[in-house]
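K.L.:
What follows is the file run.tsv, containing TSV, C-alpha atoms (C1' of nucleotides):
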chain	number	residue	atom	x	y	z
A	1	MET	CA	-4.09	-18.61	-19.33
A	2	CYS	CA	-5.84	-18.09	-22.60
A	3	HIS	CA	-3.84	-18.78	-25.69
A	4	GLN	CA	-6.96	-19.11	-27.77
A	5	CYS	CA	-8.24	-15.68	-26.77
A	6	ASP	CA	-8.30	-12.97	-29.40
A	7	TYR	CA	-7.20	-9.88	-27.54
A	8	ASN	CA	-8.22	-7.58	-30.34
A	9	ALA	CA	-11.70	-9.01	-30.14
A	10	LEU	CA	-11.77	-8.61	-26.37
A	11	LEU	CA	-10.91	-4.93	-26.69
A	12	ALA	CA	-13.42	-4.44	-29.46
A	13	ALA	CA	-16.15	-6.09	-27.41
A	14	ALA	CA	-15.37	-3.64	-24.64
A	15	GLN	CA	-15.56	-0.78	-27.14
A	16	LEU	CA	-11.94	0.10	-26.66
A	17	GLU	CA	-9.54	0.97	-29.43
A	18	ALA	CA	-6.79	-1.59	-29.76
A	19	THR	CA	-3.69	0.50	-29.30
A	20	ASP	CA	-0.29	-1.13	-29.18
A	21	ASN	CA	0.11	-0.52	-25.48
A	22	ARG	CA	-3.31	-1.84	-24.60
A	23	LEU	CA	-2.69	-4.99	-26.57
A	24	ARG	CA	0.68	-5.47	-24.97
A	25	VAL	CA	-0.72	-5.09	-21.47
A	26	LEU	CA	-3.58	-7.42	-22.24
A	27	GLU	CA	-1.26	-10.02	-23.73
A	28	VAL	CA	0.93	-10.07	-20.65
A	29	VAL	CA	-2.06	-10.39	-18.38
A	30	GLY	CA	-3.80	-12.94	-20.55
A	31	ASN	CA	-0.90	-15.17	-21.47
A	32	ASN	CA	0.21	-15.59	-17.89
A	33	GLY	CA	-1.03	-18.54	-15.94
A	34	PHE	CA	-1.54	-16.61	-12.74
A	35	PRO	CA	-2.46	-13.02	-11.84
A	36	LEU	CA	0.30	-10.42	-11.96
A	37	SER	CA	0.81	-7.18	-10.08
A	38	ALA	CA	0.95	-3.87	-11.93
A	39	GLY	CA	4.67	-3.75	-11.17
A	40	ASP	CA	5.23	-7.21	-12.65
A	41	ILE	CA	3.36	-6.24	-15.78
A	42	PHE	CA	5.32	-3.02	-16.13
A	43	ARG	CA	8.67	-4.73	-15.70
A	44	THR	CA	7.73	-7.40	-18.23
A	45	LEU	CA	6.66	-4.88	-20.86
A	46	GLU	CA	9.67	-2.68	-20.26
A	47	ARG	CA	11.95	-5.52	-21.25
A	48	SER	CA	10.64	-5.71	-24.80
A	49	SER	CA	10.14	-2.02	-25.45
A	50	SER	CA	9.75	1.20	-23.54
A	51	ILE	CA	6.48	2.08	-21.84
A	52	ASN	CA	5.67	4.38	-18.97
A	53	ARG	CA	4.71	3.06	-15.57
A	54	VAL	CA	1.76	5.44	-15.40
A	55	THR	CA	0.51	4.25	-18.76
A	56	VAL	CA	0.40	0.71	-17.44
A	57	TYR	CA	-1.62	1.80	-14.42
A	58	ARG	CA	-3.97	3.77	-16.61
A	59	ILE	CA	-4.50	0.95	-19.07
A	60	LEU	CA	-5.12	-1.49	-16.25
A	61	ASP	CA	-7.71	0.83	-14.72
A	62	LEU	CA	-9.35	1.19	-18.10
A	63	LEU	CA	-9.44	-2.54	-18.71
A	64	VAL	CA	-10.87	-3.16	-15.25
A	65	ASP	CA	-13.52	-0.48	-15.78
A	66	HIS	CA	-14.54	-2.07	-19.03
A	67	GLY	CA	-14.65	-5.54	-17.58
A	68	VAL	CA	-11.82	-6.98	-19.68
A	69	VAL	CA	-9.50	-7.49	-16.77
A	70	GLU	CA	-10.20	-8.25	-13.15
A	71	ARG	CA	-8.51	-6.73	-10.12
A	72	ILE	CA	-7.72	-9.43	-7.59
A	73	SER	CA	-6.75	-8.63	-4.05
A	74	THR	CA	-3.78	-10.47	-2.59
A	75	GLY	CA	-3.08	-11.04	1.05
A	76	GLY	CA	-0.30	-8.48	0.63
A	77	ARG	CA	0.01	-4.89	-0.46
A	78	ALA	CA	-0.29	-4.78	-4.22
A	79	ALA	CA	-3.32	-5.86	-6.18
A	80	CYS	CA	-3.03	-8.38	-8.98
A	81	PHE	CA	-4.67	-8.52	-12.38
A	82	GLY	CA	-6.03	-11.40	-14.41
A	83	LEU	CA	-8.45	-11.79	-17.28
A	84	ALA	CA	-12.00	-11.08	-16.22
A	85	PRO	CA	-14.46	-13.94	-16.46
A	86	ASN	CA	-15.78	-14.37	-20.00
A	87	ASP	CA	-16.93	-17.12	-22.32
A	88	HIS	CA	-13.64	-18.97	-22.06
A	89	HIS	CA	-12.93	-18.20	-18.41
A	90	ARG	CA	-15.26	-19.07	-15.62
A	91	PRO	CA	-14.92	-17.15	-12.39
A	92	HIS	CA	-12.60	-18.96	-10.02
A	93	PRO	CA	-11.00	-18.47	-6.65
A	94	HIS	CA	-7.32	-17.75	-6.08
A	95	PHE	CA	-4.70	-19.00	-3.71
A	96	TYR	CA	-2.26	-16.65	-2.03
A	97	CYS	CA	0.91	-18.01	-0.49
A	98	LYS	CA	1.73	-15.83	2.47
A	99	ARG	CA	5.33	-17.03	2.39
A	100	CYS	CA	6.40	-16.28	-1.18
A	101	GLY	CA	3.59	-13.90	-2.09
A	102	GLN	CA	2.73	-15.83	-5.23
A	103	MET	CA	-0.90	-15.86	-6.35
A	104	ASN	CA	-2.36	-18.81	-8.22
A	105	CYS	CA	-5.62	-19.67	-9.86
A	106	LEU	CA	-7.72	-22.44	-8.39
A	107	ASN	CA	-10.14	-24.62	-10.22
A	108	PRO	CA	-13.62	-23.14	-10.59
A	109	GLU	CA	-14.98	-26.36	-9.11
A	110	SER	CA	-12.72	-26.41	-6.08
A	111	LEU	CA	-15.10	-24.30	-4.04
A	112	ASN	CA	-18.83	-24.30	-4.11
A	113	ILE	CA	-20.43	-21.03	-3.19
A	114	ASP	CA	-24.10	-20.58	-2.70
A	115	ALA	CA	-24.91	-16.89	-2.53
A	116	GLY	CA	-28.60	-17.25	-3.24
A	117	ASN	CA	-29.60	-16.04	0.17
A	118	LEU	CA	-27.46	-12.93	-0.13
A	119	TRP	CA	-28.72	-11.94	-3.56
A	120	LYS	CA	-32.25	-12.11	-2.29
A	121	THR	CA	-31.79	-10.18	0.91
A	122	PHE	CA	-28.91	-7.74	0.45
A	123	PRO	CA	-30.13	-4.15	0.26
A	124	GLY	CA	-27.37	-2.93	-2.06
A	125	GLN	CA	-25.95	-3.78	-5.43
A	126	ILE	CA	-23.68	-6.81	-5.74
A	127	ASP	CA	-21.15	-6.81	-8.56
A	128	ARG	CA	-18.98	-9.75	-7.76
A	129	VAL	CA	-17.92	-12.19	-5.08
A	130	GLU	CA	-14.20	-12.62	-4.66
A	131	VAL	CA	-12.82	-15.67	-2.91
A	132	ARG	CA	-9.22	-15.97	-1.84
A	133	VAL	CA	-7.66	-18.93	-0.11
A	134	ASP	CA	-4.63	-18.05	2.01
A	135	GLY	CA	-1.95	-20.42	3.13
A	136	ILE	CA	1.43	-21.79	2.16
A	137	CYS	CA	2.11	-23.29	-1.24
A	138	LYS	CA	3.72	-26.67	-1.66
A	139	ASN	CA	7.03	-25.19	-2.83
A	140	CYS	CA	7.41	-23.11	0.29
A	141	ILE	CA	6.49	-26.08	2.48
A	142	ARG	CA	9.11	-28.20	0.77
A	143	ASN	CA	11.74	-25.49	1.13
A	144	SER	CA	11.12	-25.03	4.84
A	145	GLU	CA	11.49	-28.77	5.46
A	146	THR	CA	15.08	-28.93	4.32
B	1	MET	CA	-18.64	-5.92	17.51
B	2	CYS	CA	-17.98	-7.75	20.69
B	3	HIS	CA	-18.92	-5.92	23.81
B	4	GLN	CA	-18.90	-9.09	25.81
B	5	CYS	CA	-15.36	-9.97	24.80
B	6	ASP	CA	-12.68	-9.77	27.43
B	7	TYR	CA	-9.73	-8.29	25.61
B	8	ASN	CA	-7.32	-9.09	28.41
B	9	ALA	CA	-8.34	-12.69	28.13
B	10	LEU	CA	-7.91	-12.65	24.36
B	11	LEU	CA	-4.38	-11.36	24.72
B	12	ALA	CA	-3.59	-13.85	27.44
B	13	ALA	CA	-4.90	-16.71	25.33
B	14	ALA	CA	-2.54	-15.58	22.59
B	15	GLN	CA	0.33	-15.49	25.09
B	16	LEU	CA	0.76	-11.77	24.69
B	17	GLU	CA	1.34	-9.35	27.50
B	18	ALA	CA	-1.53	-6.94	27.88
B	19	THR	CA	0.21	-3.60	27.50
B	20	ASP	CA	-1.84	-0.42	27.45
B	21	ASN	CA	-1.28	0.13	23.77
B	22	ARG	CA	-2.18	-3.42	22.79
B	23	LEU	CA	-5.38	-3.21	24.77
B	24	ARG	CA	-6.27	0.12	23.24
B	25	VAL	CA	-5.72	-1.15	19.70
B	26	LEU	CA	-7.70	-4.29	20.40
B	27	GLU	CA	-10.55	-2.31	21.93
B	28	VAL	CA	-10.86	-0.08	18.91
B	29	VAL	CA	-10.82	-3.04	16.55
B	30	GLY	CA	-13.14	-5.12	18.69
B	31	ASN	CA	-15.70	-2.50	19.66
B	32	ASN	CA	-16.25	-1.37	16.10
B	33	GLY	CA	-19.04	-2.91	14.10
B	34	PHE	CA	-17.03	-3.13	10.90
B	35	PRO	CA	-13.37	-3.60	10.00
B	36	LEU	CA	-11.11	-0.55	10.19
B	37	SER	CA	-7.95	0.38	8.35
B	38	ALA	CA	-4.67	0.87	10.21
B	39	GLY	CA	-5.00	4.58	9.56
B	40	ASP	CA	-8.51	4.71	11.02
B	41	ILE	CA	-7.33	2.90	14.11
B	42	PHE	CA	-4.38	5.22	14.50
B	43	ARG	CA	-6.49	8.35	14.16
B	44	THR	CA	-9.01	7.03	16.66
B	45	LEU	CA	-6.38	6.22	19.26
B	46	GLU	CA	-4.57	9.48	18.76
B	47	ARG	CA	-7.66	11.40	19.77
B	48	SER	CA	-7.70	9.99	23.28
B	49	SER	CA	-3.97	9.92	23.94
B	50	SER	CA	-0.71	9.95	22.06
B	51	ILE	CA	0.53	6.86	20.29
B	52	ASN	CA	2.94	6.39	17.42
B	53	ARG	CA	1.73	5.37	14.01
B	54	VAL	CA	4.44	2.74	13.76
B	55	THR	CA	3.41	1.25	17.07
B	56	VAL	CA	-0.09	0.76	15.75
B	57	TYR	CA	1.24	-1.05	12.68
B	58	ARG	CA	3.47	-3.21	14.82
B	59	ILE	CA	0.72	-4.12	17.25
B	60	LEU	CA	-1.62	-4.96	14.40
B	61	ASP	CA	1.01	-7.22	12.83
B	62	LEU	CA	1.56	-8.88	16.17
B	63	LEU	CA	-2.14	-9.43	16.77
B	64	VAL	CA	-2.57	-10.85	13.28
B	65	ASP	CA	0.41	-13.17	13.78
B	66	HIS	CA	-1.07	-14.44	17.00
B	67	GLY	CA	-4.51	-14.91	15.52
B	68	VAL	CA	-6.27	-12.35	17.68
B	69	VAL	CA	-7.04	-10.04	14.81
B	70	GLU	CA	-7.71	-10.76	11.17
B	71	ARG	CA	-6.39	-8.83	8.20
B	72	ILE	CA	-9.15	-8.32	5.66
B	73	SER	CA	-8.43	-7.16	2.16
B	74	THR	CA	-10.60	-4.41	0.74
B	75	GLY	CA	-11.19	-3.72	-2.90
B	76	GLY	CA	-9.05	-0.62	-2.38
B	77	ARG	CA	-5.57	0.15	-1.21
B	78	ALA	CA	-5.39	-0.27	2.53
B	79	ALA	CA	-6.13	-3.47	4.36
B	80	CYS	CA	-8.67	-3.55	7.17
B	81	PHE	CA	-8.63	-5.27	10.52
B	82	GLY	CA	-11.32	-7.01	12.50
B	83	LEU	CA	-11.45	-9.52	15.33
B	84	ALA	CA	-10.32	-12.95	14.20
B	85	PRO	CA	-12.87	-15.72	14.38
B	86	ASN	CA	-13.14	-17.15	17.90
B	87	ASP	CA	-15.74	-18.66	20.18
B	88	HIS	CA	-17.97	-15.60	19.96
B	89	HIS	CA	-17.27	-14.74	16.35
B	90	ARG	CA	-17.89	-17.08	13.49
B	91	PRO	CA	-15.99	-16.45	10.28
B	92	HIS	CA	-18.06	-14.32	7.95
B	93	PRO	CA	-17.74	-12.59	4.59
B	94	HIS	CA	-17.45	-8.85	4.10
B	95	PHE	CA	-18.99	-6.36	1.78
B	96	TYR	CA	-16.93	-3.64	0.16
B	97	CYS	CA	-18.65	-0.62	-1.35
B	98	LYS	CA	-16.54	0.51	-4.26
B	99	ARG	CA	-18.17	3.93	-4.13
B	100	CYS	CA	-17.59	5.01	-0.53
B	101	GLY	CA	-14.90	2.49	0.37
B	102	GLN	CA	-16.74	1.36	3.47
B	103	MET	CA	-16.33	-2.28	4.53
B	104	ASN	CA	-19.09	-4.10	6.34
B	105	CYS	CA	-19.57	-7.48	7.89
B	106	LEU	CA	-22.08	-9.86	6.37
B	107	ASN	CA	-23.97	-12.54	8.15
B	108	PRO	CA	-22.09	-15.83	8.48
B	109	GLU	CA	-25.13	-17.52	6.95
B	110	SER	CA	-25.41	-15.24	3.95
B	111	LEU	CA	-23.02	-17.33	1.90
B	112	ASN	CA	-22.59	-21.03	1.93
B	113	ILE	CA	-19.14	-22.22	1.02
B	114	ASP	CA	-18.27	-25.81	0.49
B	115	ALA	CA	-14.51	-26.17	0.36
B	116	GLY	CA	-14.47	-29.89	1.02
B	117	ASN	CA	-13.07	-30.69	-2.37
B	118	LEU	CA	-10.24	-28.22	-2.01
B	119	TRP	CA	-9.17	-29.39	1.42
B	120	LYS	CA	-8.90	-32.89	0.12
B	121	THR	CA	-6.97	-32.18	-3.03
B	122	PHE	CA	-4.92	-29.02	-2.51
B	123	PRO	CA	-1.19	-29.82	-2.25
B	124	GLY	CA	-0.35	-26.97	0.11
B	125	GLN	CA	-1.42	-25.69	3.48
B	126	ILE	CA	-4.71	-23.81	3.74
B	127	ASP	CA	-5.06	-21.32	6.57
B	128	ARG	CA	-8.22	-19.51	5.74
B	129	VAL	CA	-10.72	-18.70	3.05
B	130	GLU	CA	-11.56	-15.05	2.66
B	131	VAL	CA	-14.71	-14.00	0.89
B	132	ARG	CA	-15.42	-10.44	-0.14
B	133	VAL	CA	-18.53	-9.23	-1.88
B	134	ASP	CA	-17.99	-6.08	-3.95
B	135	GLY	CA	-20.65	-3.68	-5.04
B	136	ILE	CA	-22.44	-0.51	-4.03
B	137	CYS	CA	-24.03	-0.08	-0.63
B	138	LYS	CA	-27.59	1.10	-0.22
B	139	ASN	CA	-26.53	4.54	1.03
B	140	CYS	CA	-24.47	5.22	-2.06
B	141	ILE	CA	-27.30	4.01	-4.30
B	142	ARG	CA	-29.74	6.33	-2.55
B	143	ASN	CA	-27.35	9.27	-2.83
B	144	SER	CA	-26.80	8.77	-6.54
B	145	GLU	CA	-30.54	8.72	-7.21
B	146	THR	CA	-31.14	12.23	-5.99
C	1	DC	C1'	22.19	-3.86	44.80
C	2	DC	C1'	24.41	-3.00	40.57
C	3	DA	C1'	25.10	-4.99	35.65
C	4	DT	C1'	22.93	-7.08	31.80
C	5	DT	C1'	19.36	-8.33	29.03
C	6	DT	C1'	14.75	-8.04	27.07
C	7	DC	C1'	10.82	-5.84	25.52
C	8	DA	C1'	7.55	-2.10	24.12
C	9	DT	C1'	7.63	2.09	22.25
C	10	DG	C1'	9.00	6.36	19.77
C	11	DC	C1'	11.11	8.98	15.99
C	12	DA	C1'	13.26	9.75	11.54
C	13	DA	C1'	14.15	8.01	7.31
C	14	DT	C1'	12.99	5.15	3.58
C	15	DA	C1'	10.37	2.04	0.52
C	16	DT	C1'	6.35	0.70	-2.21
C	17	DA	C1'	2.17	1.34	-4.72
C	18	DG	C1'	-0.69	4.21	-6.89
C	19	DT	C1'	-2.40	9.06	-8.52
C	20	DT	C1'	-2.51	13.75	-10.46
C	21	DG	C1'	-1.47	17.59	-13.37
C	22	DC	C1'	0.33	19.11	-17.31
C	23	DA	C1'	2.44	18.79	-22.00
C	24	DC	C1'	2.60	17.13	-26.52
C	25	DA	C1'	2.07	14.44	-30.81
C	26	DG	C1'	-1.09	12.50	-34.09
C	27	DG	C1'	-5.49	12.07	-35.92
C	28	DT	C1'	-10.43	13.90	-36.60
C	29	DT	C1'	-13.90	17.43	-37.06
C	30	DT	C1'	-15.55	21.99	-38.16
D	1	DA	C1'	-6.22	26.27	-40.86
D	2	DA	C1'	-8.28	26.14	-36.23
D	3	DA	C1'	-10.31	23.65	-32.69
D	4	DC	C1'	-10.72	19.29	-30.58
D	5	DC	C1'	-10.10	14.75	-28.89
D	6	DT	C1'	-7.22	10.69	-27.41
D	7	DG	C1'	-3.19	8.13	-25.94
D	8	DT	C1'	1.02	8.56	-23.95
D	9	DG	C1'	5.01	10.44	-21.34
D	10	DC	C1'	7.23	12.83	-17.49
D	11	DA	C1'	7.62	14.84	-12.94
D	12	DA	C1'	5.78	15.57	-8.78
D	13	DC	C1'	2.94	14.04	-5.29
D	14	DT	C1'	0.01	11.17	-1.89
D	15	DA	C1'	-1.02	7.37	0.91
D	16	DT	C1'	0.38	3.35	3.07
D	17	DA	C1'	3.67	0.58	5.17
D	18	DT	C1'	8.44	-0.75	6.80
D	19	DT	C1'	13.21	-0.35	8.70
D	20	DG	C1'	16.85	1.05	11.67
D	21	DC	C1'	18.22	2.96	15.60
D	22	DA	C1'	17.51	5.08	20.40
D	23	DT	C1'	15.49	5.03	24.94
D	24	DG	C1'	13.33	3.87	29.18
D	25	DA	C1'	11.30	0.49	32.18
D	26	DA	C1'	10.93	-4.04	33.82
D	27	DA	C1'	13.01	-8.67	34.45
D	28	DT	C1'	17.05	-11.48	35.34
D	29	DG	C1'	21.43	-12.80	37.22
D	30	DG	C1'	25.61	-12.31	39.74
Translate the structure described by the file into C-alpha cells.
P.N.:
Amino acid sequence: MCHQCDYNALLAAAQLEATDNRLRVLEVVGNNGFPLSAGDIFRTLERSSSINRVTVYRILDLLVDHGVVERISTGGRAACFGLAPNDHHRPHPHFYCKRCGQMNCLNPESLNIDAGNLWKTFPGQIDRVEVRVDGICKNCIRNSET
Amino acid sequence: MCHQCDYNALLAAAQLEATDNRLRVLEVVGNNGFPLSAGDIFRTLERSSSINRVTVYRILDLLVDHGVVERISTGGRAACFGLAPNDHHRPHPHFYCKRCGQMNCLNPESLNIDAGNLWKTFPGQIDRVEVRVDGICKNCIRNSET
DNA sequence: CCATTTCATGCAATATAGTTGCACAGGTTT
DNA sequence: AAACCTGTGCAACTATATTGCATGAAATGG
C-alpha cells in the first residue's frame, strides 16, 4: 500500500514510541495492498518471530485510537485494518466479496459522496464516513462459471 | 419503521412461508425505528414467548438471503438488521455512535452518492453500497458535558 | 390410510473474535 | 535502593455466531 511511508515517522507523529512490535504490526498493515483482519496480521507476524495474539489486538486498538490505522468493517464477522488516511493516502471506499470474504481497496475517485447536507444538519459529532461496496469479485465469478 | 408494511406480503413476495417465528422476527425488525442486533431481537422475542436463539439467527440469515432484511455493519462487534430497501423504504445510510453503540437511520437525502463511475468500470458484481457515518450522538455529547 | 419425505424448530456442543486481569521485565524518576 | 511507569505475555473469560443431530408436524405418494 505504502512503500514510501516511514512507519517510524507515522508513530512519532502520533506520539507513540516505536517499539519493535508496533513497527512490525504497522509494517504488515501498511505494506499490504488490502485491509487485513487482526487474525491475518497475527498469523503473519507469528511466522517471522513470536508475538502474542493479545499484543496484536492491543497494538491495533492503540493505532486506531491514535489515528494511524483505520478499522474497516467487512460484510462478515471480523473487522479489518488498513492505514488511516494521511498525506499519502486519501480516504477511499472498500469492496467486500461476499463469496471469498476478501476485502479490497477501491479508487478514491470511484465514488463521489456529497455529505454537505449532513454536516450542516446533523445534531451530533461526525468522525468519519465509511463506504463499503458489497458483491462478488471477478475471481469468484470466474470460478463459479466453470 | 414501517407500520404500514404487510409482513405476510413481504414474506410471500420472497417466496417464504409465513411461519409464526418468521413473522415475529420480521415484526420486531420492521417495527423498530433503528436496526437491531441479533441478540436484541432474540431478547425481545423471548419476552413474549419462547424461541431459540439459533432459530433467530437462522431466520435472520434466511431473510437476508431472500432480500427481505438487510444486514448492516456497525462500528462494533455485532451486525445489525433492518428492513431491506423496498417500495416503502429507500436505501439510506446509518449513523453509529461509538460511545453508546446505538445505530440510527439517516435520511436517504442526507448523503448524495454518485457511483456511476464504479458501476461502469468495476470488473465484478456489485450488490449494494453500504454507507455508515461514525461519530458521537447528541445524547452522548450532552452526557459528557455535565 | 400408512410410509416416506420435507421443513421449521430446538438443544447441545463447538468455533471465532475480541477482552480482561494479573504478572513480570526493563527502564525512569524520586 | 525504592517506587513507578510501560510494553508484553499468558490464562481465563465473554460475546457472538455456527454446526450437527433430534424431533414433531405437515405434505406427498403408494
K.L.:
Tell me as a short mmCIF file (atom, residue, chain, number, x, y, z; two decimals) with C-alpha atoms, keeping the file's coordinate frame which residues belonging to chain B come within 12 Å of chain C, counting only C-alpha atoms (C1' of nucleotides).
P.N.:
data_model
loop_
_atom_site.label_atom_id
_atom_site.label_comp_id
_atom_site.auth_asym_id
_atom_site.auth_seq_id
_atom_site.Cartn_x
_atom_site.Cartn_y
_atom_site.Cartn_z
CA LEU B 16 0.76 -11.77 24.69
CA GLU B 17 1.34 -9.35 27.50
CA ALA B 18 -1.53 -6.94 27.88
CA THR B 19 0.21 -3.60 27.50
CA ASP B 20 -1.84 -0.42 27.45
CA ASN B 21 -1.28 0.13 23.77
CA ARG B 22 -2.18 -3.42 22.79
CA SER B 50 -0.71 9.95 22.06
CA ILE B 51 0.53 6.86 20.29
CA ASN B 52 2.94 6.39 17.42
CA ARG B 53 1.73 5.37 14.01
CA VAL B 54 4.44 2.74 13.76
CA THR B 55 3.41 1.25 17.07
CA VAL B 56 -0.09 0.76 15.75
CA TYR B 57 1.24 -1.05 12.68
CA ARG B 58 3.47 -3.21 14.82
CA ILE B 59 0.72 -4.12 17.25
CA GLY B 76 -9.05 -0.62 -2.38
CA ARG B 77 -5.57 0.15 -1.21
CA ALA B 78 -5.39 -0.27 2.53
#
K.L.:
Write out as CSV a residue-level contact list of chain B versus chain A with cut-off 8 Å: for each qualifying residue the closest pair of atoms and the distance in Å to one decimal, counting only C-alpha atoms, rows sorted by chain and residue number upward.
P.N.:
residue,atom,partner,partner_atom,distance
B:Ser73,CA,A:Ser73,CA,6.6
B:Thr74,CA,A:Ser73,CA,7.5
B:Gly75,CA,A:Ser73,CA,6.7
B:Arg77,CA,A:Arg77,CA,7.6
B:Ala78,CA,A:Arg77,CA,7.7
B:Ala79,CA,A:Arg77,CA,7.9
B:Ser110,CA,A:Leu118,CA,5.1
B:Leu111,CA,A:Ala115,CA,4.8
B:Asn112,CA,A:Asp114,CA,4.9
B:Ile113,CA,A:Ile113,CA,4.6
B:Asp114,CA,A:Asn112,CA,4.9
B:Ala115,CA,A:Leu111,CA,4.8
B:Gly116,CA,A:Leu111,CA,7.6
B:Asn117,CA,A:Ser110,CA,5.7
B:Leu118,CA,A:Ser110,CA,5.1
B:Pro123,CA,A:Lys138,CA,5.9
B:Gly124,CA,A:Lys138,CA,4.4
B:Gln125,CA,A:Ile136,CA,5.0
B:Ile126,CA,A:Gly135,CA,4.4
B:Asp127,CA,A:Gly135,CA,4.7
B:Arg128,CA,A:Asp134,CA,5.4
B:Val129,CA,A:Val133,CA,4.4
B:Glu130,CA,A:Arg132,CA,5.2
B:Val131,CA,A:Val131,CA,4.6
B:Arg132,CA,A:Glu130,CA,5.2
B:Val133,CA,A:Val129,CA,4.4
B:Asp134,CA,A:Arg128,CA,5.4
B:Gly135,CA,A:Ile126,CA,4.4
B:Ile136,CA,A:Gln125,CA,5.0
B:Cys137,CA,A:Gly124,CA,4.6
B:Lys138,CA,A:Gly124,CA,4.4
B:Ile141,CA,A:Gly124,CA,7.3
K.L.:
Which residue, B:Leu11, B:Leu83, B:Ala38, B:Val28, has the smallest gap to chain D when you use all atoms listed in the file?
P.N.:
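Result for the nearest residue to chain D: B:Ala38.
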K.L.:
Enumerate as a list in words the residues belonging to chain D that approach chain A to within 10 Å, with all atoms listed in the file taken into account.
P.N.:
DG7, DT8, DG9, DC10, DT16 and DA17 of chain D
K.L.:
Suppose you want the space between CA of Ala14 in chain B and C1' of DA26 in chain D; what is it in Å?
P.N.:
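Taking CA of Ala14 in chain B as the start and C1' of DA26 in chain D as the end point, the length is 21.0 Å.
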K.L.:
Figure out the distance between CA of Pro35 in chain B and CA of Leu10 in chain B, please, to one decimal in Å.
P.N.:
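So the two atoms, CA of Leu10 in chain B and CA of Pro35 in chain B, lie 17.8 Å apart.
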K.L.:
Would you mind reading off the distance between CA of Val25 in chain A and CA of Ala9 in chain A, one decimal, in Å?
P.N.:
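Distance between the two atoms: 14.5 Å.
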K.L.:
Would you list the residues near (-14.5, 0.3, 5.5), meaning any protein, DNA or RNA residue with an atom at most 7 Å from that point in file coordinates, counting all atoms listed in the file, as a PDB file with C-alpha atoms, in the coordinates of the input?
P.N.:
ATOM      1  CA  PHE B  34     -17.030  -3.130  10.900  1.00  0.00           C
ATOM      2  CA  PRO B  35     -13.370  -3.600  10.000  1.00  0.00           C
ATOM      3  CA  LEU B  36     -11.110  -0.550  10.190  1.00  0.00           C
ATOM      4  CA  GLY B 101     -14.900   2.490   0.370  1.00  0.00           C
ATOM      5  CA  GLN B 102     -16.740   1.360   3.470  1.00  0.00           C
ATOM      6  CA  MET B 103     -16.330  -2.280   4.530  1.00  0.00           C
ATOM      7  CA  ASN B 104     -19.090  -4.100   6.340  1.00  0.00           C
TER       8      ASN B 104
END
K.L.:
Under the rule that only C-alpha atoms (C1' of nucleotides) are counted, which of B:His92, B:Asp61, B:Asn31, B:Gly82 is the nearest residue to DT18 in chain D?
P.N.:
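Counting only C-alpha atoms (C1' of nucleotides), the residue closest to DT18 in chain D is B:Asp61.
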K.L.:
For range 31-45 of chain A, where the input has fewer atoms than it should, I would like N, CA and C atoms rebuilt and written as a PDB file, keeping the file's coordinate frame.
P.N.:
ATOM      1  N   ASN A  31      -1.728 -13.999 -21.184  1.00  0.00           N
ATOM      2  CA  ASN A  31      -0.900 -15.170 -21.470  1.00  0.00           C
ATOM      3  C   ASN A  31      -0.284 -15.778 -20.228  1.00  0.00           C
ATOM      4  N   ASN A  32      -0.397 -15.071 -19.112  1.00  0.00           N
ATOM      5  CA  ASN A  32       0.210 -15.590 -17.890  1.00  0.00           C
ATOM      6  C   ASN A  32      -0.753 -16.512 -17.159  1.00  0.00           C
ATOM      7  N   GLY A  33      -0.201 -17.543 -16.586  1.00  0.00           N
ATOM      8  CA  GLY A  33      -1.030 -18.540 -15.940  1.00  0.00           C
ATOM      9  C   GLY A  33      -1.556 -18.152 -14.574  1.00  0.00           C
ATOM     10  N   PHE A  34      -1.073 -17.059 -14.052  1.00  0.00           N
ATOM     11  CA  PHE A  34      -1.540 -16.610 -12.740  1.00  0.00           C
ATOM     12  C   PHE A  34      -1.564 -15.092 -12.739  1.00  0.00           C
ATOM     13  N   PRO A  35      -2.330 -14.477 -11.846  1.00  0.00           N
ATOM     14  CA  PRO A  35      -2.460 -13.020 -11.840  1.00  0.00           C
ATOM     15  C   PRO A  35      -1.132 -12.343 -11.530  1.00  0.00           C
ATOM     16  N   LEU A  36      -0.933 -11.187 -12.140  1.00  0.00           N
ATOM     17  CA  LEU A  36       0.300 -10.420 -11.960  1.00  0.00           C
ATOM     18  C   LEU A  36      -0.002  -9.059 -11.359  1.00  0.00           C
ATOM     19  N   SER A  37       0.960  -8.528 -10.608  1.00  0.00           N
ATOM     20  CA  SER A  37       0.810  -7.180 -10.080  1.00  0.00           C
ATOM     21  C   SER A  37       1.118  -6.166 -11.166  1.00  0.00           C
ATOM     22  N   ALA A  38       0.674  -4.931 -10.959  1.00  0.00           N
ATOM     23  CA  ALA A  38       0.950  -3.870 -11.930  1.00  0.00           C
ATOM     24  C   ALA A  38       2.455  -3.733 -12.143  1.00  0.00           C
ATOM     25  N   GLY A  39       3.215  -3.844 -11.055  1.00  0.00           N
ATOM     26  CA  GLY A  39       4.670  -3.750 -11.170  1.00  0.00           C
ATOM     27  C   GLY A  39       5.250  -4.850 -12.036  1.00  0.00           C
ATOM     28  N   ASP A  40       4.771  -6.080 -11.832  1.00  0.00           N
ATOM     29  CA  ASP A  40       5.230  -7.210 -12.650  1.00  0.00           C
ATOM     30  C   ASP A  40       4.956  -6.934 -14.124  1.00  0.00           C
ATOM     31  N   ILE A  41       3.761  -6.473 -14.393  1.00  0.00           N
ATOM     32  CA  ILE A  41       3.360  -6.240 -15.780  1.00  0.00           C
ATOM     33  C   ILE A  41       4.240  -5.166 -16.393  1.00  0.00           C
ATOM     34  N   PHE A  42       4.469  -4.103 -15.640  1.00  0.00           N
ATOM     35  CA  PHE A  42       5.320  -3.020 -16.130  1.00  0.00           C
ATOM     36  C   PHE A  42       6.716  -3.532 -16.445  1.00  0.00           C
ATOM     37  N   ARG A  43       7.298  -4.253 -15.494  1.00  0.00           N
ATOM     38  CA  ARG A  43       8.670  -4.730 -15.700  1.00  0.00           C
ATOM     39  C   ARG A  43       8.754  -5.679 -16.902  1.00  0.00           C
ATOM     40  N   THR A  44       7.733  -6.486 -17.087  1.00  0.00           N
ATOM     41  CA  THR A  44       7.730  -7.400 -18.230  1.00  0.00           C
ATOM     42  C   THR A  44       7.697  -6.614 -19.539  1.00  0.00           C
ATOM     43  N   LEU A  45       6.811  -5.643 -19.623  1.00  0.00           N
ATOM     44  CA  LEU A  45       6.660  -4.880 -20.860  1.00  0.00           C
ATOM     45  C   LEU A  45       7.914  -4.082 -21.176  1.00  0.00           C
TER      46      LEU A  45
END
